[in-house]
Structure formats: C-alpha cells, structure tokens
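Trainee: Next comes upload.pdb, PDB, C-alpha atoms:
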```pdb
MODEL        1
ATOM      1  CA  VAL A  59      -6.950  -8.059   0.087
ATOM      2  CA  PRO A  60      -9.076 -11.200  -0.098
ATOM      3  CA  SER A  61     -12.673 -11.029  -1.294
ATOM      4  CA  SER A  62     -13.758 -11.997   2.225
ATOM      5  CA  CYS A  63     -12.407  -8.737   3.615
ATOM      6  CA  PRO A  64     -15.331  -6.916   5.272
ATOM      7  CA  LEU A  65     -16.538  -3.602   3.938
ATOM      8  CA  ILE A  66     -16.043  -0.371   5.824
ATOM      9  CA  PRO A  67     -19.041   1.984   5.807
ATOM     10  CA  CYS A  68     -18.370   4.679   3.218
ATOM     11  CA  HIS A  69     -19.800   8.171   3.493
ATOM     12  CA  SER A  70     -20.048  10.737   0.720
ATOM     13  CA  ALA A  71     -17.332  13.359   0.806
ATOM     14  CA  VAL A  72     -18.323  17.012   0.578
ATOM     15  CA  LEU A  73     -15.330  19.035  -0.563
ATOM     16  CA  GLY A  74     -14.729  22.268  -2.440
ATOM     17  CA  HIS A  75     -14.952  22.262  -6.209
ATOM     18  CA  SER A  76     -11.315  23.311  -6.514
ATOM     19  CA  VAL A  77     -10.265  19.988  -5.012
ATOM     20  CA  MET A  78     -13.048  17.784  -6.282
ATOM     21  CA  ALA A  79     -12.384  18.886  -9.869
ATOM     22  CA  ARG A  80      -9.190  16.826  -9.729
ATOM     23  CA  PHE A  81     -11.040  13.619  -8.880
ATOM     24  CA  SER A  82     -13.394  11.240 -10.602
ATOM     25  CA  VAL A  83     -15.406   9.938  -7.649
ATOM     26  CA  SER A  84     -17.827   7.178  -8.505
ATOM     27  CA  SER A  85     -20.806   6.062  -6.468
ATOM     28  CA  SER A  86     -20.527   2.631  -8.045
ATOM     29  CA  PRO A  87     -19.716  -0.130  -5.511
ATOM     30  CA  THR A  88     -16.985  -1.412  -7.804
ATOM     31  CA  ALA A  89     -15.129   1.878  -7.497
ATOM     32  CA  SER A  90     -15.485   2.497  -3.804
ATOM     33  CA  GLN A  91     -17.084  -0.234  -1.749
ATOM     34  CA  ALA A  92     -16.678  -3.624  -3.361
ATOM     35  CA  SER A  93     -13.840  -5.835  -2.258
ATOM     36  CA  PRO A  94     -10.730  -4.777  -4.211
ATOM     37  CA  ALA A  95      -9.544  -8.312  -4.885
ATOM     38  CA  SER A  96     -10.803  -8.684  -8.410
ATOM     39  CA  ALA A  97      -7.398  -8.514 -10.124
ATOM     40  CA  ALA A  98      -6.639 -10.999 -12.843
ATOM     41  CA  ALA A  99      -6.122 -14.526 -11.592
ATOM     42  CA  PRO A 100      -2.484 -15.622 -11.475
ATOM     43  CA  SER A 101      -1.186 -17.926 -14.175
ATOM     44  CA  SER A 102       1.813 -20.225 -14.286
ATOM     45  CA  ARG A 103       4.971 -20.360 -16.355
ATOM     46  CA  SER A 104       8.075 -22.481 -16.083
ATOM     47  CA  VAL A 105      11.702 -21.427 -15.994
ATOM     48  CA  GLY A 106      13.828 -24.531 -16.364
ATOM     49  CA  SER A 107      12.627 -26.807 -13.582
ATOM     50  CA  THR A 108      11.127 -23.979 -11.558
ATOM     51  CA  THR A 109       7.469 -23.009 -11.844
ATOM     52  CA  ALA A 110       6.498 -19.453 -10.841
ATOM     53  CA  ARG A 111       2.999 -18.139 -10.272
ATOM     54  CA  PHE A 112       2.523 -14.526 -11.265
ATOM     55  CA  SER A 113      -0.083 -11.971 -12.250
ATOM     56  CA  PRO A 114       0.308  -8.843 -14.403
ATOM     57  CA  VAL A 115       0.606  -6.755 -11.249
ATOM     58  CA  ASP A 116       1.663  -8.788  -8.277
ATOM     59  CA  ALA A 117       5.023 -10.203  -9.374
ATOM     60  CA  ILE A 118       5.416 -13.723  -8.025
ATOM     61  CA  VAL A 119       3.103 -14.961  -5.304
ATOM     62  CA  GLY A 120       4.868 -16.434  -2.285
ATOM     63  CA  SER A 121       8.636 -16.332  -1.884
ATOM     64  CA  PHE A 122      11.194 -16.390  -4.672
ATOM     65  CA  SER A 123      13.008 -19.689  -5.087
ATOM     66  CA  GLY A 124      15.432 -21.140  -7.580
ATOM     67  CA  ASP A 125      16.964 -18.812 -10.122
ATOM     68  CA  VAL A 126      15.801 -15.414  -8.869
ATOM     69  CA  ALA A 127      17.066 -13.523 -11.899
ATOM     70  CA  ALA A 128      15.234 -15.881 -14.271
ATOM     71  CA  LEU A 129      12.005 -15.604 -12.300
ATOM     72  CA  LEU A 130      12.205 -11.830 -12.230
ATOM     73  CA  GLU A 131      12.599 -11.756 -15.990
ATOM     74  CA  LEU A 132       9.006 -13.056 -16.198
ATOM     75  CA  ASP A 133       7.618 -10.087 -14.351
ATOM     76  CA  PRO A 134       6.219  -7.230 -16.477
ATOM     77  CA  ASP A 135       7.279  -4.627 -13.916
ATOM     78  CA  PHE A 136      10.848  -5.895 -13.967
ATOM     79  CA  GLN A 137      10.844  -5.927 -17.752
ATOM     80  CA  ALA A 138       9.566  -2.333 -17.789
ATOM     81  CA  LEU A 139      12.451  -0.903 -15.745
ATOM     82  CA  HIS A 140      14.477   1.330 -18.050
ATOM     83  CA  LYS A 141      17.849   1.302 -16.324
ATOM     84  CA  PRO A 142      20.003  -1.856 -16.197
ATOM     85  CA  SER A 143      21.409  -0.661 -12.862
ATOM     86  CA  GLU A 144      17.904  -0.656 -11.389
ATOM     87  CA  ARG A 145      17.202  -4.173 -12.634
ATOM     88  CA  GLU A 146      20.491  -5.327 -11.137
ATOM     89  CA  ALA A 147      19.590  -3.730  -7.801
ATOM     90  CA  VAL A 148      16.186  -5.450  -7.767
ATOM     91  CA  VAL A 149      17.798  -8.833  -8.437
ATOM     92  CA  ALA A 150      20.386  -8.238  -5.723
ATOM     93  CA  LEU A 151      17.726  -7.258  -3.169
ATOM     94  CA  ALA A 152      15.531 -10.251  -4.031
ATOM     95  CA  GLN A 153      18.532 -12.550  -3.621
ATOM     96  CA  ALA A 154      19.482 -10.943  -0.296
ATOM     97  CA  LEU A 155      15.941 -11.453   1.001
ATOM     98  CA  GLN A 156      16.172 -15.174   0.278
ATOM     99  CA  ARG A 157      18.582 -15.415   3.179
ATOM    100  CA  PRO A 158      17.144 -15.639   6.724
ATOM    101  CA  PRO A 159      17.363 -12.531   8.944
ATOM    102  CA  GLY A 160      20.610 -11.784  10.739
ATOM    103  CA  GLY A 161      19.642 -13.306  14.076
ATOM    104  CA  PRO A 162      16.774 -14.399  16.320
ATOM    105  CA  SER A 163      16.741 -10.972  17.971
ATOM    106  CA  GLU A 164      15.364  -9.484  14.769
ATOM    107  CA  GLY A 165      12.086 -11.364  15.178
ATOM    108  CA  ALA A 166       9.821 -13.232  12.779
ATOM    109  CA  GLU A 167       9.038 -11.767   9.372
ATOM    110  CA  ASP A 168       6.041 -11.780   7.062
ATOM    111  CA  GLY A 169       7.500 -10.963   3.673
ATOM    112  CA  ARG A 170       4.433 -11.823   1.586
ATOM    113  CA  GLY A 171       3.758  -9.001  -0.827
ATOM    114  CA  LEU A 172       7.167  -7.494  -0.063
ATOM    115  CA  PHE A 173      10.007  -9.914  -0.730
ATOM    116  CA  ASP A 174       8.183 -11.446  -3.699
ATOM    117  CA  ASN A 175       6.848  -8.257  -5.291
ATOM    118  CA  VAL A 176       8.865  -6.264  -7.823
ATOM    119  CA  ASP A 177       6.875  -3.082  -7.212
ATOM    120  CA  ALA A 178       7.615  -3.299  -3.467
ATOM    121  CA  LEU A 179      11.315  -4.006  -4.039
ATOM    122  CA  VAL A 180      11.580  -0.962  -6.294
ATOM    123  CA  ARG A 181       9.737   1.286  -3.846
ATOM    124  CA  TYR A 182      12.005   0.347  -0.932
ATOM    125  CA  LEU A 183      15.110   0.792  -3.075
ATOM    126  CA  ARG A 184      13.895   4.233  -4.169
ATOM    127  CA  ALA A 185      13.139   5.192  -0.571
ATOM    128  CA  ARG A 186      16.779   4.488   0.294
ATOM    129  CA  GLN A 187      18.289   6.035  -2.856
ATOM    130  CA  TRP A 188      19.024   2.569  -4.272
ATOM    131  CA  ASP A 189      21.332   1.663  -1.381
ATOM    132  CA  LEU A 190      21.010  -2.137  -1.200
ATOM    133  CA  GLY A 191      21.940  -2.506   2.476
ATOM    134  CA  LYS A 192      19.622   0.242   3.660
ATOM    135  CA  ALA A 193      16.775  -1.002   1.459
ATOM    136  CA  GLU A 194      17.116  -4.538   2.841
ATOM    137  CA  GLU A 195      17.115  -3.218   6.402
ATOM    138  CA  MET A 196      14.002  -1.134   5.715
ATOM    139  CA  ILE A 197      12.005  -3.856   3.977
ATOM    140  CA  ARG A 198      12.879  -6.423   6.649
ATOM    141  CA  CYS A 199      11.711  -3.948   9.278
ATOM    142  CA  SER A 200       8.386  -3.740   7.436
ATOM    143  CA  ALA A 201       8.185  -7.539   7.287
ATOM    144  CA  ARG A 202       8.626  -7.698  11.065
ATOM    145  CA  TRP A 203       6.029  -4.954  11.539
ATOM    146  CA  ARG A 204       3.583  -6.882   9.340
ATOM    147  CA  LYS A 205       4.063  -9.914  11.557
ATOM    148  CA  GLU A 206       3.664  -7.901  14.761
ATOM    149  CA  ILE A 207       0.510  -6.068  13.666
ATOM    150  CA  ASP A 208      -0.863  -9.232  11.992
ATOM    151  CA  LEU A 209      -1.391  -7.527   8.645
ATOM    152  CA  ALA A 210      -2.589 -10.797   7.154
ATOM    153  CA  GLY A 211      -5.329 -10.819   9.787
ATOM    154  CA  VAL A 212      -6.199  -7.207   9.037
ATOM    155  CA  SER A 213      -6.587  -8.058   5.342
ATOM    156  CA  SER A 214      -8.563 -11.258   5.907
ATOM    157  CA  GLY A 215     -11.109  -9.737   8.315
ATOM    158  CA  VAL A 216      -9.851 -10.936  11.694
ATOM    159  CA  TYR A 217     -10.218  -7.391  13.036
ATOM    160  CA  ALA A 218     -13.429  -6.636  11.159
ATOM    161  CA  ALA A 219     -15.418  -5.693  14.258
ATOM    162  CA  ASP A 220     -12.721  -3.344  15.577
ATOM    163  CA  VAL A 221     -12.217  -1.676  12.200
ATOM    164  CA  ALA A 222     -15.968  -1.244  11.720
ATOM    165  CA  THR A 223     -16.285   0.303  15.181
ATOM    166  CA  ASP A 224     -13.352   2.607  14.529
ATOM    167  CA  ASN A 225     -14.996   3.845  11.336
ATOM    168  CA  ALA A 226     -18.602   3.864  12.527
ATOM    169  CA  HIS A 227     -18.928   7.582  11.749
ATOM    170  CA  GLY A 228     -16.831   7.607   8.575
ATOM    171  CA  LYS A 229     -13.580   9.145   9.779
ATOM    172  CA  MET A 230     -11.416   7.423   7.140
ATOM    173  CA  TYR A 231     -12.200   5.521   3.954
ATOM    174  CA  VAL A 232     -11.061   4.823   0.400
ATOM    175  CA  ARG A 233     -13.306   6.346  -2.257
ATOM    176  CA  GLY A 234     -12.817   7.122  -5.946
ATOM    177  CA  PHE A 235      -9.767   7.948  -8.046
ATOM    178  CA  ASP A 236      -7.953  11.039  -9.235
ATOM    179  CA  CYS A 237      -7.341  11.981 -12.877
ATOM    180  CA  ARG A 238      -4.274   9.696 -12.969
ATOM    181  CA  GLY A 239      -6.304   6.709 -11.763
ATOM    182  CA  ARG A 240      -4.855   6.763  -8.241
ATOM    183  CA  PRO A 241      -7.181   5.844  -5.343
ATOM    184  CA  ALA A 242      -8.102   8.530  -2.827
ATOM    185  CA  ILE A 243      -8.098   8.100   0.941
ATOM    186  CA  TYR A 244     -10.309  10.516   2.847
ATOM    187  CA  MET A 245      -9.709  11.441   6.483
ATOM    188  CA  LYS A 246     -12.308  13.455   8.427
ATOM    189  CA  PRO A 247     -11.091  14.154  11.955
ATOM    190  CA  LYS A 248     -14.460  15.663  12.933
ATOM    191  CA  ASN A 249     -15.924  12.162  12.695
ATOM    192  CA  ASP A 250     -13.311  10.694  15.004
ATOM    193  CA  ASN A 251     -14.059   9.604  18.539
ATOM    194  CA  PRO A 252     -10.727   8.807  20.218
ATOM    195  CA  ALA A 253     -12.503   7.146  23.146
ATOM    196  CA  ASP A 254     -14.182   4.684  20.781
ATOM    197  CA  SER A 255     -11.204   3.684  18.647
ATOM    198  CA  PRO A 256     -10.124   0.143  19.537
ATOM    199  CA  ALA A 257      -7.808  -0.297  16.562
ATOM    200  CA  PRO A 258      -6.779   2.987  14.907
ATOM    201  CA  LEU A 259      -3.574   1.573  13.433
ATOM    202  CA  GLN A 260      -5.299  -1.556  12.139
ATOM    203  CA  HIS A 261      -7.899   0.730  10.541
ATOM    204  CA  LEU A 262      -5.205   2.782   8.805
ATOM    205  CA  ALA A 263      -3.426  -0.385   7.694
ATOM    206  CA  TYR A 264      -6.715  -1.746   6.335
ATOM    207  CA  CYS A 265      -7.298   1.434   4.323
ATOM    208  CA  MET A 266      -3.778   1.317   2.917
ATOM    209  CA  GLN A 267      -4.164  -2.329   1.949
ATOM    210  CA  ARG A 268      -7.500  -1.521   0.345
ATOM    211  CA  ALA A 269      -5.945   1.375  -1.588
ATOM    212  CA  GLU A 270      -3.096  -0.853  -2.763
ATOM    213  CA  ALA A 271      -5.607  -3.452  -3.945
ATOM    214  CA  CYS A 272      -7.398  -0.685  -5.864
ATOM    215  CA  LEU A 273      -4.076   0.249  -7.459
ATOM    216  CA  ARG A 274      -3.570  -3.327  -8.599
ATOM    217  CA  ARG A 275      -7.056  -3.469 -10.072
ATOM    218  CA  GLN A 276      -6.551  -0.130 -11.829
ATOM    219  CA  ALA A 277      -3.298  -1.396 -13.320
ATOM    220  CA  VAL A 278      -4.912  -4.610 -14.540
ATOM    221  CA  GLY A 279      -7.675  -2.546 -16.135
ATOM    222  CA  GLY A 280      -5.200  -0.209 -17.817
ATOM    223  CA  LYS A 281      -6.589   2.764 -15.874
ATOM    224  CA  LEU A 282      -3.349   3.999 -14.305
ATOM    225  CA  THR A 283      -1.299   6.745 -15.953
ATOM    226  CA  GLY A 284       2.345   5.718 -16.266
ATOM    227  CA  ASP A 285       4.244   2.545 -15.408
ATOM    228  CA  ILE A 286       6.732   1.540 -12.734
ATOM    229  CA  ASN A 287       9.238   4.135 -14.023
ATOM    230  CA  ASP A 288       6.764   6.974 -13.443
ATOM    231  CA  LEU A 289       7.440   8.463 -10.006
ATOM    232  CA  LEU A 290       3.877   9.845  -9.825
ATOM    233  CA  SER A 291       2.118   6.614 -10.709
ATOM    234  CA  ARG A 292       1.115   3.742  -8.389
ATOM    235  CA  LYS A 293       0.540   6.049  -5.472
ATOM    236  CA  VAL A 294      -2.413   7.107  -3.359
ATOM    237  CA  VAL A 295      -3.880  10.547  -2.827
ATOM    238  CA  LEU A 296      -4.683  11.686   0.702
ATOM    239  CA  LEU A 297      -7.389  14.235   1.489
ATOM    240  CA  ILE A 298      -7.700  15.445   5.090
ATOM    241  CA  ASP A 299     -10.843  17.494   5.669
ATOM    242  CA  PHE A 300     -10.626  19.501   8.895
ATOM    243  CA  SER A 301     -13.963  21.243   8.447
ATOM    244  CA  GLY A 302     -15.989  21.195  11.663
ATOM    245  CA  CYS A 303     -13.087  19.700  13.589
ATOM    246  CA  SER A 304     -12.348  20.565  17.230
ATOM    247  CA  LEU A 305      -9.509  19.687  19.581
ATOM    248  CA  SER A 306     -11.701  17.123  21.321
ATOM    249  CA  LYS A 307     -11.932  15.196  18.072
ATOM    250  CA  MET A 308      -8.217  15.120  17.393
ATOM    251  CA  PRO A 309      -6.484  11.737  17.872
ATOM    252  CA  ALA A 310      -3.929  11.302  20.628
ATOM    253  CA  LEU A 311      -0.432  12.527  19.834
ATOM    254  CA  SER A 312       0.916   8.978  20.174
ATOM    255  CA  VAL A 313      -1.603   7.689  17.593
ATOM    256  CA  SER A 314      -0.700  10.496  15.180
ATOM    257  CA  ARG A 315       2.997   9.774  15.629
ATOM    258  CA  ASP A 316       2.514   6.031  15.085
ATOM    259  CA  SER A 317       0.340   6.662  12.027
ATOM    260  CA  ILE A 318       2.934   8.918  10.409
ATOM    261  CA  GLY A 319       5.630   6.381  11.227
ATOM    262  CA  MET A 320       3.577   3.581   9.665
ATOM    263  CA  LEU A 321       3.073   5.452   6.409
ATOM    264  CA  GLN A 322       6.687   6.622   6.226
ATOM    265  CA  ASN A 323       8.398   3.380   7.187
ATOM    266  CA  HIS A 324       6.078   0.649   5.919
ATOM    267  CA  TYR A 325       4.390   2.220   2.879
ATOM    268  CA  PRO A 326       7.317   4.100   1.311
ATOM    269  CA  GLU A 327       6.846   5.822  -2.030
ATOM    270  CA  ARG A 328       3.070   5.390  -1.779
ATOM    271  CA  LEU A 329       1.922   8.970  -1.175
ATOM    272  CA  GLY A 330       1.417  10.847  -4.429
ATOM    273  CA  GLN A 331      -0.297  13.994  -3.204
ATOM    274  CA  ALA A 332      -1.904  15.248   0.007
ATOM    275  CA  PHE A 333      -4.604  17.909   0.281
ATOM    276  CA  ILE A 334      -5.410  19.682   3.570
ATOM    277  CA  ILE A 335      -8.875  21.240   3.585
ATOM    278  CA  ASP A 336     -10.183  23.904   5.984
ATOM    279  CA  ALA A 337      -7.226  23.541   8.339
TER
ENDMDL
END
```
What's the structure tokens form of this structure?
Mentor:
Amino acid sequence: VPSSCPLIPCHSAVLGHSVMARFSVSSSPTASQASPASAAAPSSRSVGSTTARFSPVDAIVGSFSGDVAALLELDPDFQALHKPSEREAVVALAQALQRPPGGPSEGAEDGRGLFDNVDALVRYLRARQWDLGKAEEMIRCSARWRKEIDLAGVSSGVYAADVATDNAHGKMYVRGFDCRGRPAIYMKPKNDNPADSPAPLQHLAYCMQRAEACLRRQAVGGKLTGDINDLLSRKVVLLIDFSGCSLSKMPALSVSRDSIGMLQNHYPERLGQAFIIDA
C-alpha cells in the first residue's frame, strides 16, 4: 500500500480482558494509523543477464521474466521452504503464470503482488492442496478480480472518499497485533449504516491490503513468529464485536456473501484466528 494511501479513522476497541489479553494493541500511529508502506526499500541483484528487484518480503516486484527458477532462488521465502517438492511447485506455478490467460473470455488480469510474489504463490498452492492446475485457476481468478475491483486504485487512494464515508463511525479497521505479531482487523456491526455504505467491498479490500502491508513491515522488523513454513504465521486475526448490534445495523445478505467470497477466494490462507464477541 503506497504511502499516499489515505488513513481510515481508527476508534479504540473495548473488548473483554479474556480476548484483549492475547493482543498487544498500541496507540502509536506507527502500529495502527500510519501508512503501512515503510518496508525496506527494494534492492537489485543480477542473475546472468537478468536483473531482478526484490525486497526481504515482497519477492520480485513486477512480473517474473527470464530464468524464473534462477530469480526465485534469490528470494528469501523461496530459500526458506523446507520441502523440495514445494519449491518445485512454486517454480512450476510461476512459469505457468508467465503464459497469457487461456482466452479473451477470461478477461484482463492484474497479477501484481500475486504472480511475482513467492508468499502469494505458496498460499494459493496450499489453498488447493498443492494442485498446480487448481492453484493457477484460483490465482488467475484473483488477478481478474483485482482488475475488476480496481485494487490498485483502492490501494492508491482513488476511492478514499468512499472508504472514509463507509468507515465514518468506525465499523472496521486495522489496529494492533497479537502475541505472534499478526495484525488484527476489528469489525463492529453496531457502527455500520448500510444505507450510507457506498463501497463496502472496497473498504474490506482496503483493510485487507492494509493488514498485508502491516504483515510485510512486521516481517522486515523481525516481529513475526515463524517463517513461510509456519502455517500460523503471516496471517491476520479477525475480531467481530457484536455488542450493541441490532438487525437494522446488519449488512445486506448480498454484501455479507460477497465479503465472505472475497476473503475465501482472493485472500486464501490469510485468516489465522477469528473471535466472535457478544454474539
């Protein structure tokens, strides 16, 4: 998420001690409100005649080109994978994604942060039990969705006014980290006003992108427990606080369905834990 991404108003969460004891919530702007784009600046290395830009977290920026296997070998996440079969699957998926989609009917794709990111490739492979064909189909579907929803615009602030309006009362925001260093996303349905929500899905996408940026920054700072092999690491924690909620404040069924579909299909292997409070 670029540093120009606008801030969403954050509101203090009031939750029971049994839940809050698991979290280290900071009031510091760097932990909850500042733009989460302060990861280490990418550097450059050469592989033969091919130059790749990479950071300690983000794999290679842009699309893979040249010798994919050689480029992947530069990535710390790829190097950290324990199983040779998993490394082979990542290489195979990256190579498959170099090819254009099957046909014009599949639509345009935005594969930035997906096709060129080892962490993303691994997550989609895990979500499909390391089946290469199914993983490619799933990640390409996400690339098309990113193009359709204009995720780049969401991240760069194009929908800043709509997102700010949608969160005017603090219904959803990213704040603090749990004991494993994972960012927490709070949802408070009582603060929702379905009639005044111009972009609920863009708002959710913004929060997920913000949480992912926090994950990258935590990793760069050495504040995450576990590496890419740890199935509990590199995930977000979701807290849904239903206290004071009424049926009039609940989002439309179609919005709930689309939100669940977004998280399941386009952010696979990202949910670490979910807490439901006062349901």
Trainee: Could you check the closest approach to Ile334 of chain A for each of A:Leu155, A:Met245, A:Met320, A:Leu311 and tell me which residue wins, using only C-alpha atoms?
Mentor: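 Comparing A:Leu155, A:Met245, A:Met320, A:Leu311 against Ile334 of chain A, the winner is A:Met245.
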Trainee: Which polymer residues have any atom within 9 Å of an atom of segment 255-266 of chain A, counting only C-alpha atoms, with same-chain residues fewer than 3 positions away left out, as a PyMOL selection string?
Mentor: chain A and resi 59+207-209+212-213+217+220-225+230-232+243+250-252+269-271+294+313+316-317+320-321+325
Trainee: How big is the axis-aligned box around the listed atoms of segment 263-279 of chain A once 3 Å is added on each side, and where is its centre? Give both in Å to one decimal, as lines of an AutoDock Vina configuration file.
Mentor:
```
center_x = -5.4
center_y = -1.6
center_z = -4.2
size_x = 10.6
size_y = 12.0
size_z = 29.8
```
Trainee: Using the chain letters and numbers from the file, give me the residues hit by the PyMOL selection byres ((chain A and resi 166) around 6), as a VMD selection string.
Mentor: chain A and resid 165 167 202
Trainee: Using atom CA of Val148 of chain A and atom CA of His324 of chain A as the two end points, give the distance in Å to one decimal.
Mentor: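 Rounded to one decimal, the two atoms are 18.1 Å apart.
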